[in-house]
>>> print(open('query34.cif').read())   # mmCIF, C-alpha atoms
data_protein
loop_
_atom_site.group_PDB
_atom_site.id
_atom_site.type_symbol
_atom_site.label_atom_id
_atom_site.label_comp_id
_atom_site.auth_asym_id
_atom_site.auth_seq_id
_atom_site.Cartn_x
_atom_site.Cartn_y
_atom_site.Cartn_z
ATOM 1 C CA MET A 1109 55.269 19.201 -35.680
ATOM 2 C CA THR A 1110 54.931 16.279 -33.279
ATOM 3 C CA VAL A 1111 56.171 18.408 -30.356
ATOM 4 C CA ASN A 1112 55.667 22.147 -30.013
ATOM 5 C CA LEU A 1113 57.367 24.703 -27.788
ATOM 6 C CA GLU A 1114 55.408 27.571 -26.270
ATOM 7 C CA VAL A 1115 57.170 30.159 -24.087
ATOM 8 C CA ALA A 1116 55.501 32.619 -21.740
ATOM 9 C CA ASP A 1117 56.634 34.320 -18.518
ATOM 10 C CA GLY A 1118 59.858 32.351 -18.339
ATOM 11 C CA VAL A 1119 58.145 28.958 -18.706
ATOM 12 C CA GLY A 1120 58.627 26.803 -21.791
ATOM 13 C CA THR A 1121 55.958 24.176 -22.434
ATOM 14 C CA LEU A 1122 56.986 21.163 -24.499
ATOM 15 C CA ARG A 1123 53.613 20.018 -25.827
ATOM 16 C CA LEU A 1124 53.355 16.592 -27.413
ATOM 17 C CA ASP A 1125 51.020 16.798 -30.397
ATOM 18 C CA ARG A 1126 50.654 13.455 -32.133
ATOM 19 C CA PRO A 1127 47.020 12.413 -31.761
ATOM 20 C CA PRO A 1128 45.329 10.330 -30.737
ATOM 21 C CA MET A 1129 47.732 8.876 -28.130
ATOM 22 C CA ASN A 1130 50.994 10.814 -28.590
ATOM 23 C CA ALA A 1131 52.839 7.661 -29.643
ATOM 24 C CA LEU A 1132 56.556 8.409 -29.458
ATOM 25 C CA ASP A 1133 57.778 7.558 -32.942
ATOM 26 C CA ILE A 1134 61.263 8.352 -34.207
ATOM 27 C CA ALA A 1135 60.241 11.790 -35.472
ATOM 28 C CA THR A 1136 58.804 12.670 -32.052
ATOM 29 C CA GLN A 1137 61.902 11.406 -30.262
ATOM 30 C CA ASP A 1138 64.156 13.489 -32.496
ATOM 31 C CA ARG A 1139 61.944 16.546 -32.048
ATOM 32 C CA LEU A 1140 62.103 16.180 -28.265
ATOM 33 C CA ARG A 1141 65.882 16.081 -28.440
ATOM 34 C CA GLU A 1142 65.937 19.178 -30.654
ATOM 35 C CA LEU A 1143 63.621 21.167 -28.379
ATOM 36 C CA ALA A 1144 65.445 20.056 -25.231
ATOM 37 C CA ALA A 1145 68.581 21.616 -26.702
ATOM 38 C CA GLU A 1146 66.639 24.762 -27.581
ATOM 39 C CA VAL A 1147 65.161 25.319 -24.108
ATOM 40 C CA THR A 1148 68.587 24.621 -22.628
ATOM 41 C CA ARG A 1149 70.216 27.489 -24.520
ATOM 42 C CA ARG A 1150 67.348 30.000 -24.435
ATOM 43 C CA ASP A 1151 67.678 32.589 -21.670
ATOM 44 C CA ASP A 1152 63.956 33.384 -21.794
ATOM 45 C CA VAL A 1153 63.161 29.801 -20.731
ATOM 46 C CA ARG A 1154 63.900 29.373 -17.043
ATOM 47 C CA ALA A 1155 61.669 26.362 -16.275
ATOM 48 C CA VAL A 1156 59.957 23.720 -18.406
ATOM 49 C CA VAL A 1157 56.631 21.861 -18.468
ATOM 50 C CA VAL A 1158 56.339 18.622 -20.445
ATOM 51 C CA TYR A 1159 52.671 18.111 -21.376
ATOM 52 C CA GLY A 1160 50.707 15.811 -23.623
ATOM 53 C CA GLY A 1161 47.402 17.621 -23.596
ATOM 54 C CA GLU A 1162 44.147 17.229 -21.714
ATOM 55 C CA LYS A 1163 43.490 13.590 -22.607
ATOM 56 C CA VAL A 1164 46.795 11.724 -22.660
ATOM 57 C CA PHE A 1165 50.446 12.279 -21.801
ATOM 58 C CA ALA A 1166 51.955 9.594 -24.053
ATOM 59 C CA ALA A 1167 50.804 6.014 -24.445
ATOM 60 C CA GLY A 1168 54.253 4.725 -25.405
ATOM 61 C CA ALA A 1169 56.383 4.052 -28.432
ATOM 62 C CA ASP A 1170 54.954 3.620 -31.903
ATOM 63 C CA ILE A 1171 54.529 -0.169 -31.979
ATOM 64 C CA LYS A 1172 53.736 -0.257 -35.700
ATOM 65 C CA GLU A 1173 57.024 1.503 -36.427
ATOM 66 C CA MET A 1174 59.015 -0.769 -34.112
ATOM 67 C CA ARG A 1175 57.359 -3.898 -35.508
ATOM 68 C CA ASP A 1176 59.139 -3.330 -38.803
ATOM 69 C CA MET A 1177 62.579 -2.987 -37.193
ATOM 70 C CA ASP A 1178 64.929 -5.948 -36.920
ATOM 71 C CA HIS A 1179 67.825 -6.409 -34.509
ATOM 72 C CA ALA A 1180 70.323 -4.530 -36.659
ATOM 73 C CA ALA A 1181 67.945 -1.596 -37.089
ATOM 74 C CA MET A 1182 67.319 -1.307 -33.348
ATOM 75 C CA VAL A 1183 71.016 -1.592 -32.533
ATOM 76 C CA ALA A 1184 71.512 1.412 -34.797
ATOM 77 C CA ARG A 1185 68.572 3.311 -33.287
ATOM 78 C CA ALA A 1186 68.732 2.477 -29.562
ATOM 79 C CA GLY A 1187 71.449 5.022 -28.783
ATOM 80 C CA ASP A 1188 69.469 7.841 -30.384
ATOM 81 C CA LEU A 1189 66.341 6.707 -28.552
ATOM 82 C CA GLN A 1190 68.053 6.980 -25.187
ATOM 83 C CA ALA A 1191 69.800 10.213 -26.171
ATOM 84 C CA ALA A 1192 66.458 11.887 -26.896
ATOM 85 C CA PHE A 1193 65.172 11.131 -23.413
ATOM 86 C CA THR A 1194 68.489 11.930 -21.757
ATOM 87 C CA ALA A 1195 68.417 15.332 -23.466
ATOM 88 C CA VAL A 1196 65.178 16.065 -21.601
ATOM 89 C CA ALA A 1197 66.584 14.740 -18.326
ATOM 90 C CA ARG A 1198 69.696 16.896 -18.729
ATOM 91 C CA ILE A 1199 67.876 20.189 -19.305
ATOM 92 C CA PRO A 1200 69.721 22.306 -16.689
ATOM 93 C CA LYS A 1201 66.524 23.972 -15.517
ATOM 94 C CA PRO A 1202 63.568 22.812 -13.412
ATOM 95 C CA VAL A 1203 61.351 20.444 -15.415
ATOM 96 C CA VAL A 1204 57.874 19.213 -14.444
ATOM 97 C CA ALA A 1205 55.792 16.588 -16.219
ATOM 98 C CA ALA A 1206 52.043 17.291 -16.358
ATOM 99 C CA VAL A 1207 50.603 13.776 -16.662
ATOM 100 C CA THR A 1208 47.075 13.243 -17.922
ATOM 101 C CA GLY A 1209 45.488 10.015 -19.086
ATOM 102 C CA TYR A 1210 48.112 7.413 -19.907
ATOM 103 C CA ALA A 1211 51.871 7.578 -19.424
ATOM 104 C CA LEU A 1212 52.925 4.111 -20.502
ATOM 105 C CA GLY A 1213 56.179 2.668 -21.806
ATOM 106 C CA GLY A 1214 58.065 5.506 -23.434
ATOM 107 C CA GLY A 1215 55.493 7.903 -22.013
ATOM 108 C CA CYS A 1216 56.334 6.826 -18.479
ATOM 109 C CA GLU A 1217 60.037 7.009 -19.313
ATOM 110 C CA LEU A 1218 59.566 10.571 -20.556
ATOM 111 C CA ALA A 1219 57.815 11.527 -17.320
ATOM 112 C CA LEU A 1220 60.727 9.983 -15.398
ATOM 113 C CA CYS A 1221 63.037 12.493 -17.097
ATOM 114 C CA ALA A 1222 61.327 15.378 -15.298
ATOM 115 C CA ASP A 1223 62.346 16.624 -11.864
ATOM 116 C CA VAL A 1224 58.749 16.497 -10.611
ATOM 117 C CA ARG A 1225 55.608 14.719 -11.836
ATOM 118 C CA ILE A 1226 52.102 16.092 -11.293
ATOM 119 C CA ALA A 1227 49.404 13.627 -12.313
ATOM 120 C CA ALA A 1228 45.675 13.681 -12.893
ATOM 121 C CA GLU A 1229 43.478 11.694 -10.523
ATOM 122 C CA ASP A 1230 42.586 9.332 -13.362
ATOM 123 C CA ALA A 1231 46.104 9.003 -14.771
ATOM 124 C CA LYS A 1232 47.698 5.592 -15.278
ATOM 125 C CA LEU A 1233 51.436 4.951 -15.526
ATOM 126 C CA GLY A 1234 53.455 1.858 -16.258
ATOM 127 C CA GLN A 1235 56.162 0.018 -18.182
ATOM 128 C CA PRO A 1236 54.307 -2.630 -20.216
ATOM 129 C CA GLU A 1237 57.209 -3.563 -22.514
ATOM 130 C CA ILE A 1238 57.442 -7.049 -20.975
ATOM 131 C CA LEU A 1239 54.055 -7.813 -22.537
ATOM 132 C CA LEU A 1240 55.734 -7.374 -25.933
ATOM 133 C CA GLY A 1241 58.641 -9.604 -25.003
ATOM 134 C CA LEU A 1242 60.839 -6.557 -24.387
ATOM 135 C CA ILE A 1243 62.189 -4.420 -21.563
ATOM 136 C CA PRO A 1244 62.110 -0.621 -21.272
ATOM 137 C CA GLY A 1245 64.712 0.853 -23.609
ATOM 138 C CA ALA A 1246 64.535 4.608 -23.040
ATOM 139 C CA GLY A 1247 65.812 4.663 -19.471
ATOM 140 C CA GLY A 1248 63.005 2.920 -17.629
ATOM 141 C CA THR A 1249 65.092 0.203 -15.989
ATOM 142 C CA GLN A 1250 67.476 2.837 -14.660
ATOM 143 C CA ARG A 1251 65.434 5.950 -13.862
ATOM 144 C CA LEU A 1252 62.460 4.047 -12.436
ATOM 145 C CA SER A 1253 64.627 1.985 -10.072
ATOM 146 C CA ARG A 1254 66.426 5.110 -8.878
ATOM 147 C CA LEU A 1255 63.107 6.837 -8.220
ATOM 148 C CA VAL A 1256 60.992 4.141 -6.542
ATOM 149 C CA GLY A 1257 63.637 1.591 -5.556
ATOM 150 C CA PRO A 1258 64.705 -1.618 -7.275
ATOM 151 C CA SER A 1259 62.033 -3.968 -5.905
ATOM 152 C CA ARG A 1260 59.113 -1.727 -6.854
ATOM 153 C CA ALA A 1261 60.681 -1.036 -10.227
ATOM 154 C CA LYS A 1262 61.089 -4.760 -10.842
ATOM 155 C CA ASP A 1263 57.468 -5.382 -9.914
ATOM 156 C CA LEU A 1264 56.273 -2.815 -12.446
ATOM 157 C CA ILE A 1265 58.689 -3.928 -15.160
ATOM 158 C CA PHE A 1266 58.240 -7.689 -14.608
ATOM 159 C CA THR A 1267 54.429 -7.552 -14.608
ATOM 160 C CA GLY A 1268 53.881 -4.693 -17.054
ATOM 161 C CA ARG A 1269 50.911 -3.613 -14.953
ATOM 162 C CA GLN A 1270 49.437 -0.125 -15.009
ATOM 163 C CA VAL A 1271 49.604 1.953 -11.840
ATOM 164 C CA LYS A 1272 46.751 4.263 -10.949
ATOM 165 C CA ALA A 1273 47.547 7.759 -9.704
ATOM 166 C CA GLU A 1274 46.863 6.947 -6.054
ATOM 167 C CA GLU A 1275 49.376 4.082 -6.014
ATOM 168 C CA ALA A 1276 51.842 6.073 -8.098
ATOM 169 C CA LEU A 1277 51.774 8.774 -5.428
ATOM 170 C CA ALA A 1278 52.184 6.242 -2.624
ATOM 171 C CA ILE A 1279 55.310 4.673 -4.162
ATOM 172 C CA GLY A 1280 56.865 7.989 -5.220
ATOM 173 C CA LEU A 1281 56.345 7.570 -8.952
ATOM 174 C CA VAL A 1282 54.466 10.888 -8.999
ATOM 175 C CA ASP A 1283 54.733 13.784 -6.581
ATOM 176 C CA ARG A 1284 51.243 15.299 -6.620
ATOM 177 C CA VAL A 1285 47.798 14.199 -7.734
ATOM 178 C CA VAL A 1286 45.218 16.807 -8.725
ATOM 179 C CA PRO A 1287 41.887 16.817 -10.605
ATOM 180 C CA ALA A 1288 42.406 16.190 -14.315
ATOM 181 C CA ALA A 1289 41.283 19.680 -15.280
ATOM 182 C CA GLU A 1290 43.950 21.224 -13.030
ATOM 183 C CA VAL A 1291 47.030 19.253 -14.084
ATOM 184 C CA TYR A 1292 48.553 21.742 -16.502
ATOM 185 C CA GLU A 1293 47.676 24.723 -14.305
ATOM 186 C CA ALA A 1294 49.367 23.106 -11.305
ATOM 187 C CA ALA A 1295 52.455 22.159 -13.320
ATOM 188 C CA HIS A 1296 52.724 25.610 -14.874
ATOM 189 C CA ALA A 1297 52.390 27.275 -11.454
ATOM 190 C CA TRP A 1298 55.253 25.143 -10.117
ATOM 191 C CA ALA A 1299 57.409 26.040 -13.114
ATOM 192 C CA ALA A 1300 56.488 29.732 -13.009
ATOM 193 C CA ARG A 1301 57.490 30.000 -9.365
ATOM 194 C CA LEU A 1302 60.921 28.557 -10.097
ATOM 195 C CA ALA A 1303 61.288 30.653 -13.255
ATOM 196 C CA ARG A 1304 61.528 33.631 -10.905
ATOM 197 C CA GLY A 1305 64.283 31.994 -8.872
ATOM 198 C CA PRO A 1306 68.090 32.162 -9.126
ATOM 199 C CA ALA A 1307 68.818 30.350 -12.384
ATOM 200 C CA ILE A 1308 72.425 29.389 -11.698
ATOM 201 C CA ALA A 1309 71.683 28.117 -8.185
ATOM 202 C CA LEU A 1310 68.783 26.050 -9.515
ATOM 203 C CA ARG A 1311 71.045 24.548 -12.154
ATOM 204 C CA ALA A 1312 73.638 23.817 -9.479
ATOM 205 C CA ALA A 1313 71.075 22.136 -7.256
ATOM 206 C CA LYS A 1314 69.783 19.968 -10.094
ATOM 207 C CA GLU A 1315 73.217 18.878 -11.259
ATOM 208 C CA ALA A 1316 74.439 18.238 -7.717
ATOM 209 C CA VAL A 1317 71.505 15.930 -7.007
ATOM 210 C CA ASP A 1318 71.447 14.189 -10.390
ATOM 211 C CA PHE A 1319 75.177 13.633 -10.810
ATOM 212 C CA GLY A 1320 75.616 12.919 -7.107
ATOM 213 C CA LEU A 1321 73.149 10.044 -7.354
ATOM 214 C CA GLU A 1322 75.293 8.516 -10.087
ATOM 215 C CA ALA A 1323 78.451 8.615 -7.952
ATOM 216 C CA ASP A 1324 79.680 7.489 -4.542
ATOM 217 C CA LEU A 1325 79.043 9.725 -1.526
ATOM 218 C CA ASP A 1326 82.477 11.345 -1.469
ATOM 219 C CA THR A 1327 82.231 12.256 -5.157
ATOM 220 C CA GLY A 1328 78.738 13.592 -4.618
ATOM 221 C CA LEU A 1329 79.948 15.746 -1.752
ATOM 222 C CA ALA A 1330 82.747 17.080 -3.945
ATOM 223 C CA ILE A 1331 80.225 18.026 -6.638
ATOM 224 C CA GLU A 1332 78.125 19.805 -4.025
ATOM 225 C CA ARG A 1333 81.136 21.543 -2.514
ATOM 226 C CA ASN A 1334 82.366 22.870 -5.833
ATOM 227 C CA TRP A 1335 78.963 24.194 -6.859
ATOM 228 C CA PHE A 1336 78.357 25.698 -3.403
ATOM 229 C CA ALA A 1337 81.624 27.608 -3.438
ATOM 230 C CA GLY A 1338 81.209 28.614 -7.071
ATOM 231 C CA LEU A 1339 77.858 30.263 -6.403
ATOM 232 C CA PHE A 1340 79.629 32.830 -4.224
ATOM 233 C CA ALA A 1341 80.873 34.355 -7.480
ATOM 234 C CA THR A 1342 77.355 35.015 -8.799
ATOM 235 C CA GLU A 1343 75.232 38.139 -8.777
ATOM 236 C CA ASP A 1344 72.261 36.089 -7.596
ATOM 237 C CA ARG A 1345 74.094 35.114 -4.426
ATOM 238 C CA GLU A 1346 74.807 38.779 -3.695
ATOM 239 C CA THR A 1347 71.189 39.700 -4.447
ATOM 240 C CA GLY A 1348 69.818 36.960 -2.232
ATOM 241 C CA MET A 1349 72.009 37.711 0.759
ATOM 242 C CA ARG A 1350 71.533 41.466 0.506
ATOM 243 C CA SER A 1351 67.758 41.039 0.320
ATOM 244 C CA PHE A 1352 67.816 38.702 3.306
ATOM 245 C CA MET A 1353 69.723 41.224 5.402
ATOM 246 C CA GLU A 1354 67.616 44.206 4.334
ATOM 247 C CA ASP A 1355 64.128 42.784 3.861
ATOM 248 C CA GLY A 1356 64.059 39.326 5.439
ATOM 249 C CA PRO A 1357 63.892 35.864 3.832
ATOM 250 C CA GLY A 1358 62.104 35.014 0.619
ATOM 251 C CA LYS A 1359 61.823 38.503 -0.868
ATOM 252 C CA ALA A 1360 64.767 38.616 -3.274
ATOM 253 C CA VAL A 1361 64.104 39.469 -6.909
ATOM 254 C CA PHE A 1362 66.632 37.600 -9.059
ATOM 255 C CA ARG A 1363 67.738 38.863 -12.448
#
>>> encode(input="query34.cif", output="structure tokens")
Amino acid sequence: MTVNLEVADGVGTLRLDRPPMNALDIATQDRLRELAAEVTRRDDVRAVVVYGGEKVFAAGADIKEMRDMDHAAMVARAGDLQAAFTAVARIPKPVVAAVTGYALGGGCELALCADVRIAAEDAKLGQPEILLGLIPGAGGTQRLSRLVGPSRAKDLIFTGRQVKAEEALAIGLVDRVVPAAEVYEAAHAWAARLARGPAIALRAAKEAVDFGLEADLDTGLAIERNWFAGLFATEDRETGMRSFMEDGPGKAVFR
């Protein structure tokens, strides 16, 4: 398999496994979509790590495969390409990308689908599609601009340059930078902490932020309001408030 799923202690790790560079060919894209649906429905997966291994996250799309596709073939495929990445972005659970080595093109776009990105000190990210006479096609023009702002996104997309971890952190493309040997451990620790949290409230928070960003302020506030009120019907809300009153903050054990 080009992507494997490992589950332990509430954390599901989506591990890219297509050496040497984890090129994201059609089979890998389809497998990502399949596993995103699986971790979404599995109750034993409460948070997700997307990981490419110790050496590389994903160096981009499979150029040899794309080289053989004409306009009609890509028109037929482009929707499925975006749907595979959107399936990862829409996982209704906390998702962290553990970025080692290169995250370029489709690899960077996959990292953008996570809620948080933890990168190795020697990691490099970028959208080099312009160097092929193309633009990002798996969400890069949209997710990157929403994350780092339109001018920075345009700089990266127009030039196709690679961004080192230090700059990526400075512009908000990644959220933490750690030694390369600690990337997966740090990402898994983040996911494991949230796997112990209130699952429905975490889903509500994620959807309120994500869908709110795609709407005007009043619509976003309505999304927040509806989720906020709805959580008062959950067992986790009762558990959290009871624990706060009896034991103080931060000690609730959610089922």
>>> resolve_selection(input="query34.cif", expression="the PyMOL selection byres ((chain A and resi 1247-1254) around 10)", output="mmCIF file with C-alpha atoms, keeping the file's coordinate frame")
data_model
loop_
_atom_site.group_PDB
_atom_site.id
_atom_site.type_symbol
_atom_site.label_atom_id
_atom_site.label_comp_id
_atom_site.auth_asym_id
_atom_site.auth_seq_id
_atom_site.Cartn_x
_atom_site.Cartn_y
_atom_site.Cartn_z
ATOM 1 C CA LEU A 1189 66.341 6.707 -28.552
ATOM 2 C CA GLN A 1190 68.053 6.980 -25.187
ATOM 3 C CA ALA A 1191 69.800 10.213 -26.171
ATOM 4 C CA PHE A 1193 65.172 11.131 -23.413
ATOM 5 C CA THR A 1194 68.489 11.930 -21.757
ATOM 6 C CA ALA A 1197 66.584 14.740 -18.326
ATOM 7 C CA GLY A 1213 56.179 2.668 -21.806
ATOM 8 C CA GLY A 1214 58.065 5.506 -23.434
ATOM 9 C CA CYS A 1216 56.334 6.826 -18.479
ATOM 10 C CA GLU A 1217 60.037 7.009 -19.313
ATOM 11 C CA LEU A 1218 59.566 10.571 -20.556
ATOM 12 C CA LEU A 1220 60.727 9.983 -15.398
ATOM 13 C CA CYS A 1221 63.037 12.493 -17.097
ATOM 14 C CA GLY A 1234 53.455 1.858 -16.258
ATOM 15 C CA GLN A 1235 56.162 0.018 -18.182
ATOM 16 C CA GLU A 1237 57.209 -3.563 -22.514
ATOM 17 C CA ILE A 1243 62.189 -4.420 -21.563
ATOM 18 C CA PRO A 1244 62.110 -0.621 -21.272
ATOM 19 C CA GLY A 1245 64.712 0.853 -23.609
ATOM 20 C CA ALA A 1246 64.535 4.608 -23.040
ATOM 21 C CA LEU A 1255 63.107 6.837 -8.220
ATOM 22 C CA VAL A 1256 60.992 4.141 -6.542
ATOM 23 C CA GLY A 1257 63.637 1.591 -5.556
ATOM 24 C CA PRO A 1258 64.705 -1.618 -7.275
ATOM 25 C CA SER A 1259 62.033 -3.968 -5.905
ATOM 26 C CA ARG A 1260 59.113 -1.727 -6.854
ATOM 27 C CA ALA A 1261 60.681 -1.036 -10.227
ATOM 28 C CA LYS A 1262 61.089 -4.760 -10.842
ATOM 29 C CA LEU A 1264 56.273 -2.815 -12.446
ATOM 30 C CA ILE A 1265 58.689 -3.928 -15.160
ATOM 31 C CA GLY A 1280 56.865 7.989 -5.220
ATOM 32 C CA LEU A 1281 56.345 7.570 -8.952
ATOM 33 C CA LEU A 1321 73.149 10.044 -7.354
ATOM 34 C CA GLU A 1322 75.293 8.516 -10.087
#
>>> closest_residue(input="query34.cif", among="A:Ala1276, A:Ile1226, A:Val1119, A:Val1111", to="Glu1290 of chain A", atoms="all atoms listed in the file")
A:Ile1226
>>> closest_residue(input="query34.cif", among="A:Val1153, A:Ala1222, A:Ala1186, A:Leu1140", to="Val1115 of chain A", atoms="only C-alpha atoms")
A:Val1153
>>> closest_residue(input="query34.cif", among="A:Val1156, A:Met1177, A:Ala1312, A:Val1317", to="Asn1334 of chain A", atoms="all atoms listed in the file")
A:Ala1312
>>> resolve_selection(input="query34.cif", expression="the PyMOL selection byres ((chain A and resi 1287) around 10)", output="list of chain:residue names")
A:Thr1208, A:Ala1227, A:Ala1228, A:Glu1229, A:Asp1230, A:Ala1231, A:Val1285, A:Val1286, A:Ala1288, A:Ala1289, A:Glu1290, A:Val1291, A:Ala1294
>>> residues_near_point(input="query34.cif", point="(48.9, 23.0, -17.0)", cutoff="10 Å", atoms="all atoms listed in the file", output="short mmCIF file (atom, residue, chain, number, x, y, z; two decimals) with C-alpha atoms, in the frame of the given file")
data_model
loop_
_atom_site.label_atom_id
_atom_site.label_comp_id
_atom_site.auth_asym_id
_atom_site.auth_seq_id
_atom_site.Cartn_x
_atom_site.Cartn_y
_atom_site.Cartn_z
CA THR A 1121 55.96 24.18 -22.43
CA VAL A 1157 56.63 21.86 -18.47
CA VAL A 1158 56.34 18.62 -20.44
CA TYR A 1159 52.67 18.11 -21.38
CA GLY A 1160 50.71 15.81 -23.62
CA GLY A 1161 47.40 17.62 -23.60
CA GLU A 1162 44.15 17.23 -21.71
CA ALA A 1205 55.79 16.59 -16.22
CA ALA A 1206 52.04 17.29 -16.36
CA VAL A 1207 50.60 13.78 -16.66
CA THR A 1208 47.08 13.24 -17.92
CA ILE A 1226 52.10 16.09 -11.29
CA ALA A 1288 42.41 16.19 -14.32
CA ALA A 1289 41.28 19.68 -15.28
CA GLU A 1290 43.95 21.22 -13.03
CA VAL A 1291 47.03 19.25 -14.08
CA TYR A 1292 48.55 21.74 -16.50
CA GLU A 1293 47.68 24.72 -14.30
CA ALA A 1294 49.37 23.11 -11.30
CA ALA A 1295 52.46 22.16 -13.32
CA HIS A 1296 52.72 25.61 -14.87
CA ALA A 1297 52.39 27.28 -11.45
CA TRP A 1298 55.25 25.14 -10.12
CA ALA A 1299 57.41 26.04 -13.11
#
>>> closest_residue(input="query34.cif", among="A:Ala1360, A:Leu1143, A:Ala1313, A:Leu1124", to="Phe1165 of chain A", atoms="all atoms listed in the file")
A:Leu1124
>>> residues_around(input="query34.cif", residues="Pro1128 of chain A", least_positions_apart="5", cutoff="10 Å", atoms="all atoms listed in the file", output="ChimeraX atom specification")
/A:1163-1164,1166-1167
>>> atom_distance(input="query34.cif", atom1="atom CA of Val1282 of chain A", atom2="atom CA of Gln1270 of chain A")
13.5 Å
>>> closest_residue(input="query34.cif", among="A:Arg1284, A:Ala1169, A:Phe1336, A:Gly1305", to="Lys1359 of chain A", atoms="only C-alpha atoms")
A:Gly1305
>>> atom_distance(input="query34.cif", atom1="atom CA of Pro1306 of chain A", atom2="atom CA of Ala1323 of chain A")
25.8 Å
>>> residues_around(input="query34.cif", residues="Thr1148 of chain A", least_positions_apart="3", cutoff="12 Å", atoms="all atoms listed in the file", output="list in words")
Val1119, Gly1120, Arg1141, Glu1142, Leu1143, Ala1144, Ala1145, Asp1151, Asp1152, Val1153, Arg1154, Ala1155, Val1156, Ala1195, Val1196, Ala1197, Arg1198, Ile1199, Pro1200, Lys1201, Pro1202, Val1203, Ala1307 and Arg1311 of chain A
>>> atom_distance(input="query34.cif", atom1="atom CA of Ala1181 of chain A", atom2="atom CA of Asp1125 of chain A")
25.9 Å
>>> closest_residue(input="query34.cif", among="A:Met1353, A:Val1224, A:Leu1310, A:Val1147", to="Val1204 of chain A", atoms="only C-alpha atoms")
A:Val1224
>>> resolve_selection(input="query34.cif", expression="the PyMOL selection byres ((chain A and resi 1133) around 12)", output="count of residues only")
33
>>> build_atoms(input="query34.cif", residues="segment 1290-1295 of chain A", atoms="all heavy atoms", output="short mmCIF file (atom, residue, chain, number, x, y, z; two decimals), in the frame of the given file")
data_model
loop_
_atom_site.label_atom_id
_atom_site.label_comp_id
_atom_site.auth_asym_id
_atom_site.auth_seq_id
_atom_site.Cartn_x
_atom_site.Cartn_y
_atom_site.Cartn_z
N GLU A 1290 43.01 20.30 -13.68
CA GLU A 1290 43.95 21.22 -13.03
C GLU A 1290 45.41 20.84 -13.22
O GLU A 1290 46.31 21.50 -12.70
CB GLU A 1290 43.65 21.30 -11.53
CG GLU A 1290 42.24 21.80 -11.21
CD GLU A 1290 41.93 21.75 -9.72
OE1 GLU A 1290 42.88 21.56 -8.91
OE2 GLU A 1290 40.74 21.88 -9.37
N VAL A 1291 45.67 19.77 -13.97
CA VAL A 1291 47.03 19.25 -14.08
C VAL A 1291 47.98 20.28 -14.69
O VAL A 1291 49.04 20.59 -14.12
CB VAL A 1291 47.06 17.95 -14.90
CG1 VAL A 1291 48.50 17.53 -15.19
CG2 VAL A 1291 46.36 16.84 -14.15
N TYR A 1292 47.64 20.80 -15.86
CA TYR A 1292 48.55 21.74 -16.50
C TYR A 1292 48.70 23.01 -15.67
O TYR A 1292 49.81 23.53 -15.53
CB TYR A 1292 48.09 22.08 -17.91
CG TYR A 1292 49.03 23.06 -18.59
CD1 TYR A 1292 50.28 22.63 -19.04
CD2 TYR A 1292 48.71 24.40 -18.73
CE1 TYR A 1292 51.17 23.51 -19.62
CE2 TYR A 1292 49.59 25.29 -19.32
CZ TYR A 1292 50.82 24.84 -19.77
OH TYR A 1292 51.71 25.73 -20.33
N GLU A 1293 47.62 23.51 -15.13
CA GLU A 1293 47.68 24.72 -14.30
C GLU A 1293 48.61 24.53 -13.12
O GLU A 1293 49.43 25.41 -12.80
CB GLU A 1293 46.28 25.09 -13.82
CG GLU A 1293 46.22 26.34 -12.94
CD GLU A 1293 44.83 26.65 -12.45
OE1 GLU A 1293 43.88 25.96 -12.85
OE2 GLU A 1293 44.69 27.59 -11.64
N ALA A 1294 48.51 23.38 -12.46
CA ALA A 1294 49.37 23.11 -11.30
C ALA A 1294 50.83 22.99 -11.72
O ALA A 1294 51.73 23.50 -11.04
CB ALA A 1294 48.91 21.82 -10.61
N ALA A 1295 51.08 22.31 -12.84
CA ALA A 1295 52.46 22.16 -13.32
C ALA A 1295 53.04 23.51 -13.73
O ALA A 1295 54.19 23.82 -13.43
CB ALA A 1295 52.49 21.18 -14.49
#
